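Student: Enclosed is the structure file final_29.cif (mmCIF, C-alpha atoms).
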data_target
loop_
_atom_site.label_atom_id
_atom_site.label_comp_id
_atom_site.auth_asym_id
_atom_site.auth_seq_id
_atom_site.Cartn_x
_atom_site.Cartn_y
_atom_site.Cartn_z
CA MET E 834 -48.35 -16.35 1.36
CA SER E 835 -50.70 -18.04 -1.10
CA ALA E 836 -49.37 -16.41 -4.29
CA ARG E 837 -45.86 -17.13 -5.51
CA PHE E 838 -45.41 -13.53 -6.64
CA GLU E 839 -46.99 -10.20 -5.70
CA GLU E 840 -46.10 -6.63 -6.57
CA LEU E 841 -46.84 -4.78 -3.34
CA ALA E 842 -46.15 -1.25 -4.58
CA TRP E 843 -45.10 0.57 -7.73
CA ARG E 844 -44.48 4.24 -8.42
CA GLU E 845 -42.86 6.44 -11.05
CA THR E 846 -40.22 8.57 -9.30
CA PRO E 847 -37.52 11.06 -10.35
CA ILE E 848 -34.99 8.20 -10.35
CA GLY E 849 -37.18 5.82 -12.36
CA GLU E 850 -39.88 3.24 -11.76
CA ILE E 851 -39.48 1.84 -8.25
CA SER E 852 -41.29 -1.29 -7.15
CA LEU E 853 -41.55 -3.49 -4.08
CA ARG E 854 -42.13 -7.17 -4.77
CA ARG E 855 -42.76 -10.18 -2.60
CA ARG E 856 -42.23 -13.69 -3.92
CA LEU E 857 -42.00 -17.22 -2.63
CA ASP E 858 -38.68 -18.75 -3.59
CA PRO E 859 -39.61 -22.31 -4.61
CA ARG E 860 -36.17 -23.75 -3.89
CA LEU E 861 -35.46 -22.01 -0.58
CA ARG E 862 -39.13 -22.03 0.49
CA VAL E 863 -38.88 -18.56 2.00
CA GLU E 864 -40.61 -15.25 1.32
CA VAL E 865 -38.29 -12.81 -0.44
CA TYR E 866 -38.83 -9.05 -0.56
CA GLU E 867 -37.11 -7.23 -3.41
CA VAL E 868 -36.78 -3.64 -4.57
CA LYS E 869 -36.27 -2.76 -8.23
CA ILE E 870 -35.54 0.52 -9.97
CA ASN E 871 -36.63 0.15 -13.57
CA ASP E 872 -35.21 -3.26 -14.55
CA GLU E 873 -32.38 -3.24 -12.01
CA PHE E 874 -32.57 -5.16 -8.73
CA LEU E 875 -31.56 -2.77 -5.96
CA MET E 876 -31.92 -4.91 -2.83
CA SER E 877 -33.22 -8.22 -1.57
CA SER E 878 -34.15 -9.62 1.83
CA LEU E 879 -31.99 -12.63 0.96
CA PHE E 880 -28.87 -10.49 1.40
CA THR E 881 -28.98 -8.41 4.57
CA VAL E 882 -25.90 -9.43 6.58
CA ALA E 883 -23.73 -6.52 5.47
CA GLU E 884 -26.56 -3.99 5.82
CA ILE E 885 -26.92 -5.05 9.45
CA GLU E 886 -23.14 -5.02 9.94
CA LEU E 887 -23.08 -1.45 8.64
CA ALA E 888 -25.00 -0.45 11.76
CA ARG E 889 -23.10 -2.71 14.13
CA LEU E 890 -19.62 -1.81 12.90
CA GLY E 891 -20.43 1.88 12.76
CA LEU E 892 -21.87 2.01 16.28
CA ALA E 893 -19.09 -0.21 17.65
CA ALA E 894 -16.59 2.52 16.74
CA LEU E 895 -18.21 4.84 19.30
CA PRO E 896 -17.32 4.79 23.02
CA GLY E 897 -19.23 2.19 25.00
CA ASP E 898 -20.87 4.81 27.20
CA ALA E 899 -22.08 6.90 24.26
CA HIS E 900 -25.76 7.68 23.71
CA PRO E 901 -25.48 8.49 20.04
CA ASP E 902 -27.67 10.47 17.73
CA VAL E 903 -27.56 8.62 14.41
CA VAL E 904 -28.34 9.32 10.76
CA VAL E 905 -29.00 6.51 8.28
CA GLY E 906 -28.89 7.49 4.63
CA GLY E 907 -31.10 5.13 2.60
CA LEU E 908 -34.12 3.41 4.11
CA GLY E 909 -34.66 0.57 1.64
CA LEU E 910 -35.99 -2.55 3.34
CA GLY E 911 -35.07 -1.10 6.74
CA TYR E 912 -32.44 -3.58 7.93
CA THR E 913 -29.73 -1.02 8.76
CA ALA E 914 -32.14 1.32 10.53
CA ARG E 915 -33.68 -1.48 12.60
CA ALA E 916 -30.22 -2.71 13.59
CA VAL E 917 -29.44 0.81 14.84
CA LEU E 918 -32.55 0.78 17.05
CA GLU E 919 -31.58 -2.62 18.45
CA ASP E 920 -28.64 -0.87 20.14
CA ALA E 921 -30.14 0.32 23.43
CA ARG E 922 -27.53 3.09 23.68
CA VAL E 923 -28.99 4.96 20.69
CA ALA E 924 -30.71 8.19 21.71
CA SER E 925 -32.20 9.14 18.35
CA LEU E 926 -32.33 8.05 14.72
CA VAL E 927 -33.06 10.08 11.60
CA VAL E 928 -33.50 7.98 8.45
CA VAL E 929 -33.22 9.95 5.21
CA ASP E 930 -34.62 8.63 1.94
CA ALA E 931 -35.18 10.55 -1.28
CA VAL E 932 -38.21 8.52 -2.33
CA ALA E 933 -41.46 9.16 -0.49
CA GLU E 934 -42.83 5.85 -1.75
CA VAL E 935 -40.12 3.92 0.12
CA ILE E 936 -41.03 5.69 3.35
CA SER E 937 -44.70 4.91 2.75
CA TRP E 938 -43.92 1.16 2.45
CA HIS E 939 -42.89 1.22 6.10
CA GLU E 940 -45.67 3.51 7.24
CA ARG E 941 -48.23 1.24 5.57
CA GLY E 942 -46.70 -1.90 7.05
CA LEU E 943 -45.90 -3.51 3.70
CA LEU E 944 -42.61 -4.88 5.03
CA PRO E 945 -42.01 -7.32 7.89
CA GLU E 946 -41.12 -5.59 11.17
CA ALA E 947 -41.76 -2.16 9.63
CA ALA E 948 -43.52 -1.09 12.82
CA ALA E 949 -40.18 -0.98 14.64
CA LEU E 950 -39.16 2.07 12.62
CA VAL E 951 -42.54 3.78 12.68
CA THR E 952 -43.47 3.36 16.34
CA ASP E 953 -40.11 3.68 18.12
CA PRO E 954 -40.08 7.19 19.66
CA ARG E 955 -36.36 7.50 18.90
CA SER E 956 -36.93 7.14 15.14
CA ARG E 957 -38.01 9.58 12.42
CA LEU E 958 -38.27 8.93 8.68
CA VAL E 959 -37.38 12.01 6.63
CA GLU E 960 -37.93 12.49 2.91
CA GLY E 961 -34.88 14.22 1.47
CA ASP E 962 -31.83 14.01 -0.78
CA PHE E 963 -29.09 12.69 1.50
CA PHE E 964 -26.36 13.88 -0.87
CA ALA E 965 -27.69 17.44 -1.05
CA MET E 966 -28.15 17.47 2.72
CA ALA E 967 -24.58 16.27 3.24
CA ALA E 968 -23.25 19.06 1.01
CA GLY E 969 -25.27 21.86 2.62
CA PRO E 970 -24.99 23.66 5.96
CA ASP E 971 -28.42 22.65 7.28
CA GLY E 972 -27.64 18.91 7.38
CA PHE E 973 -29.97 16.00 7.88
CA ASP E 974 -32.62 17.17 10.35
CA PRO E 975 -35.09 19.65 8.82
CA ALA E 976 -36.50 20.33 12.28
CA VAL E 977 -33.09 21.43 13.62
CA PRO E 978 -30.96 22.98 10.85
CA GLY E 979 -27.25 22.55 11.48
CA ARG E 980 -27.74 19.71 13.95
CA ARG E 981 -24.69 17.47 14.32
CA PHE E 982 -24.66 13.72 14.90
CA ASP E 983 -22.46 11.04 16.44
CA ALA E 984 -22.77 8.58 13.54
CA ILE E 985 -23.72 8.83 9.88
CA LEU E 986 -24.34 5.48 8.16
CA LEU E 987 -24.86 5.38 4.40
CA ASP E 988 -26.29 2.70 2.12
CA VAL E 989 -27.62 4.20 -1.12
CA ASP E 990 -25.19 3.68 -4.00
CA HIS E 991 -23.78 0.34 -5.09
CA SER E 992 -20.31 1.66 -4.23
CA PRO E 993 -18.28 4.89 -4.43
CA ARG E 994 -17.55 4.02 -8.07
CA HIS E 995 -21.00 2.72 -9.01
CA VAL E 996 -23.52 5.40 -8.09
CA LEU E 997 -27.25 5.49 -8.71
CA ALA E 998 -27.17 9.10 -9.90
CA PRO E 999 -24.19 11.01 -11.37
CA ALA E 1000 -24.56 13.83 -8.82
CA ASN E 1001 -23.91 11.37 -5.98
CA ALA E 1002 -20.28 10.92 -7.05
CA ALA E 1003 -19.28 14.27 -5.54
CA LEU E 1004 -19.77 12.87 -2.03
CA TYR E 1005 -16.97 10.35 -2.42
CA THR E 1006 -14.28 12.99 -3.02
CA VAL E 1007 -12.13 14.68 -0.38
CA ASP E 1008 -14.26 17.82 -0.56
CA GLY E 1009 -17.46 15.79 -0.34
CA MET E 1010 -16.26 13.85 2.67
CA ARG E 1011 -15.16 17.06 4.39
CA ARG E 1012 -18.62 18.55 3.92
CA LEU E 1013 -20.20 15.38 5.33
CA ALA E 1014 -17.78 15.26 8.26
CA ALA E 1015 -18.85 18.79 9.23
CA HIS E 1016 -22.19 17.26 10.27
CA LEU E 1017 -20.46 14.98 12.80
CA ARG E 1018 -19.68 15.83 16.39
CA PRO E 1019 -16.05 15.48 17.52
CA GLY E 1020 -15.17 11.79 17.59
CA GLY E 1021 -18.09 10.95 15.33
CA VAL E 1022 -18.26 8.02 12.92
CA PHE E 1023 -18.98 7.74 9.22
CA ALA E 1024 -19.70 4.26 7.86
CA LEU E 1025 -20.53 3.20 4.31
CA TRP E 1026 -21.88 0.01 2.71
CA SER E 1027 -20.40 -0.99 -0.66
CA ASP E 1028 -21.12 -3.87 -3.00
CA ASP E 1029 -17.54 -3.73 -4.35
CA PRO E 1030 -14.29 -5.04 -2.79
CA PRO E 1031 -12.24 -2.54 -0.77
CA ASP E 1032 -11.24 0.41 -2.93
CA ALA E 1033 -7.76 1.79 -2.20
CA GLU E 1034 -8.55 5.15 -3.78
CA PHE E 1035 -11.60 5.68 -1.62
CA GLU E 1036 -9.69 4.52 1.46
CA ALA E 1037 -7.14 7.24 0.66
CA VAL E 1038 -9.95 9.81 0.49
CA LEU E 1039 -11.20 8.74 3.92
CA ALA E 1040 -7.66 8.82 5.34
CA GLU E 1041 -7.26 12.43 4.20
CA VAL E 1042 -10.43 13.57 5.96
CA PHE E 1043 -10.67 11.34 9.05
CA THR E 1044 -8.18 10.37 11.74
CA SER E 1045 -8.61 6.66 11.07
CA ALA E 1046 -10.37 4.57 8.45
CA ALA E 1047 -10.76 0.85 7.79
CA ALA E 1048 -12.44 -1.32 5.19
CA HIS E 1049 -14.16 -4.40 6.62
CA VAL E 1050 -14.95 -7.27 4.26
CA VAL E 1051 -18.24 -8.86 5.34
CA SER E 1052 -18.74 -12.36 3.98
CA PHE E 1053 -22.02 -14.25 4.03
CA PRO E 1054 -23.55 -17.40 2.52
CA ASN E 1055 -25.18 -16.90 -0.86
CA PRO E 1056 -28.26 -19.16 -1.01
CA LEU E 1057 -28.58 -18.65 -4.76
CA THR E 1058 -25.09 -19.90 -5.65
CA GLY E 1059 -24.46 -22.18 -2.69
CA GLY E 1060 -21.17 -20.34 -2.13
CA GLU E 1061 -20.12 -17.16 -0.37
CA SER E 1062 -20.48 -13.52 -1.31
CA ALA E 1063 -18.99 -10.42 0.27
CA ASN E 1064 -19.64 -6.71 0.70
CA THR E 1065 -17.46 -3.99 2.18
CA VAL E 1066 -18.21 -1.73 5.11
CA TYR E 1067 -15.97 1.32 5.49
CA VAL E 1068 -15.71 2.83 8.97
CA ALA E 1069 -14.00 6.21 9.53
CA THR E 1070 -13.60 8.24 12.72
#
Would you give me this structure, written as structure tokens?
Tutor:
Amino acid sequence: MSARFEELAWRETPIGEISLRRRLDPRLRVEVYEVKINDEFLMSSLFTVAEIELARLGLAALPGDAHPDVVVGGLGLGYTARAVLEDARVASLVVVDAVAEVISWHERGLLPEAAALVTDPRSRLVEGDFFAMAAGPDGFDPAVPGRRFDAILLDVDHSPRHVLAPANAALYTVDGMRRLAAHLRPGGVFALWSDDPPDAEFEAVLAEVFTSAAAHVVSFPNPLTGGESANTVYVAT
């Protein structure tokens, strides 16, 4: 990249101004892709370990001989969805994102390796409100209302306590989790990425709805601080 900074896409959306930026980090000497909503940084290609682990930990909770149908809530930079497709067992993937512009980034090839999500015959990108879909009877596949899945992986909000929109908070209650679990097949898996440490109250919610639930702390090097950072991945079956 010749320029040190480039805004690849910008659009006014119902949740605010969303932008995709690419910059050359002068200290790390790497290209960094970042997503902002208004003035808030939402995600960065510098920090993808836990997003990838969301897929790996979620799929690892399924039987080894499974050929799962998977939903990913939140497309973003695509790391979770691509990690799902790297599992050869996966039969199909539906990726739900509320922002058409984010889907178009991948369809237009603005992000590295975006083609993996667009060209893989197992994968479909669906514009929709994941939280409304989770609460309703039709679920996550507009082509097959009421379709059930083997795994639902979610990475939209910062955490169950720090949501991007007030309406999202209803999902993280017992009633919200029960409505989401109705879209899973027997033995199915729900997994959630969180930027916060493990939350005992949310773990209790999961324990009331699912047979088993665990919070995995995923640590990774932080190139900006020189230390370590951590996210949490919840896995419930």
Student: Given the choices E:Met966, E:Arg860, E:Val1050, E:Arg844, which gets closest to Asn1001 of chain E if the distance is worked out from all atoms listed in the file?
Tutor: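 Using all atoms listed in the file, the shortest distance to Asn1001 of chain E belongs to E:Met966.
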Student: Run the PyMOL selection byres ((chain E and resi 1008-1014) around 8) on the file and write out the hits as a count of residues only.
Tutor: 15
Student: Report as a PyMOL selection string all protein, DNA and RNA residues lying within 10 Å of Gly906 of chain E, evaluated on only C-alpha atoms, omitting residues in the same chain fewer than 3 positions from it.
Tutor: chain E and resi 903+909+913-914+927-931+959+961-964+967+973+985-989+1025
Student: Here is a test: counting only C-alpha atoms, which residue of E:Ala976, E:Ala842, E:Met876, E:Ala924 is nearest to Ile936 of chain E?
Tutor: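 Result for the nearest residue to Ile936 of chain E: E:Ala842.
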Student: For atom CA of His939 of chain E and atom CA of Leu908 of chain E, quote the distance in Å rounded to one decimal.
Tutor: 9.3 Å
Student: Using all atoms listed in the file - which residues lie no farther than 12 Å from the point (-25.6, -6.7, 10.4) in the file's frame? Write them as number ranges by chain.
Tutor: E: 880-893, 911-917, 919-920, 1026, 1051-1053, 1064-1066
Student: How far is it from atom CA of His991 of chain E to atom CA of Val863 of chain E, in Å with one decimal?
Tutor: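 Computing the Euclidean distance for atom CA of His991 of chain E and atom CA of Val863 of chain E yields 25.2 Å.
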Student: Have a look at E:Glu1041, E:Val935, E:Ala894, E:Ser925 and name the one nearest to Ser852 of chain E; count all atoms listed in the file.
Tutor: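 Of the candidates, the smallest distance to Ser852 of chain E is held by E:Val935.
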Student: Pick from E:Glu960, E:Asp1032, E:Asp974, E:Asp898: nearest to Pro993 of chain E, with all atoms listed in the file counted?
Tutor: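 Counting all atoms listed in the file, the residue closest to Pro993 of chain E is E:Asp1032.
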Student: Apply the PyMOL selection byres ((chain E and resi 867) around 10) to the displayed file and report the matching residues as a list in words.
Tutor: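 What the PyMOL selection byres ((chain E and resi 867) around 10) grabs from the file is Glu840, Ser852, Leu853, Arg854, Arg855, Arg856, Glu864, Val865, Tyr866, Val868, Lys869, Phe874, Leu875, Met876, Ser877, Ser878, Leu879, Gly909 and Leu910 of chain E.
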Student: For a test of reading the model, state the distance in Å between atom CA of Pro975 of chain E and atom CA of Ala899 of chain E, rounded to one decimal.
Tutor: 23.9 Å
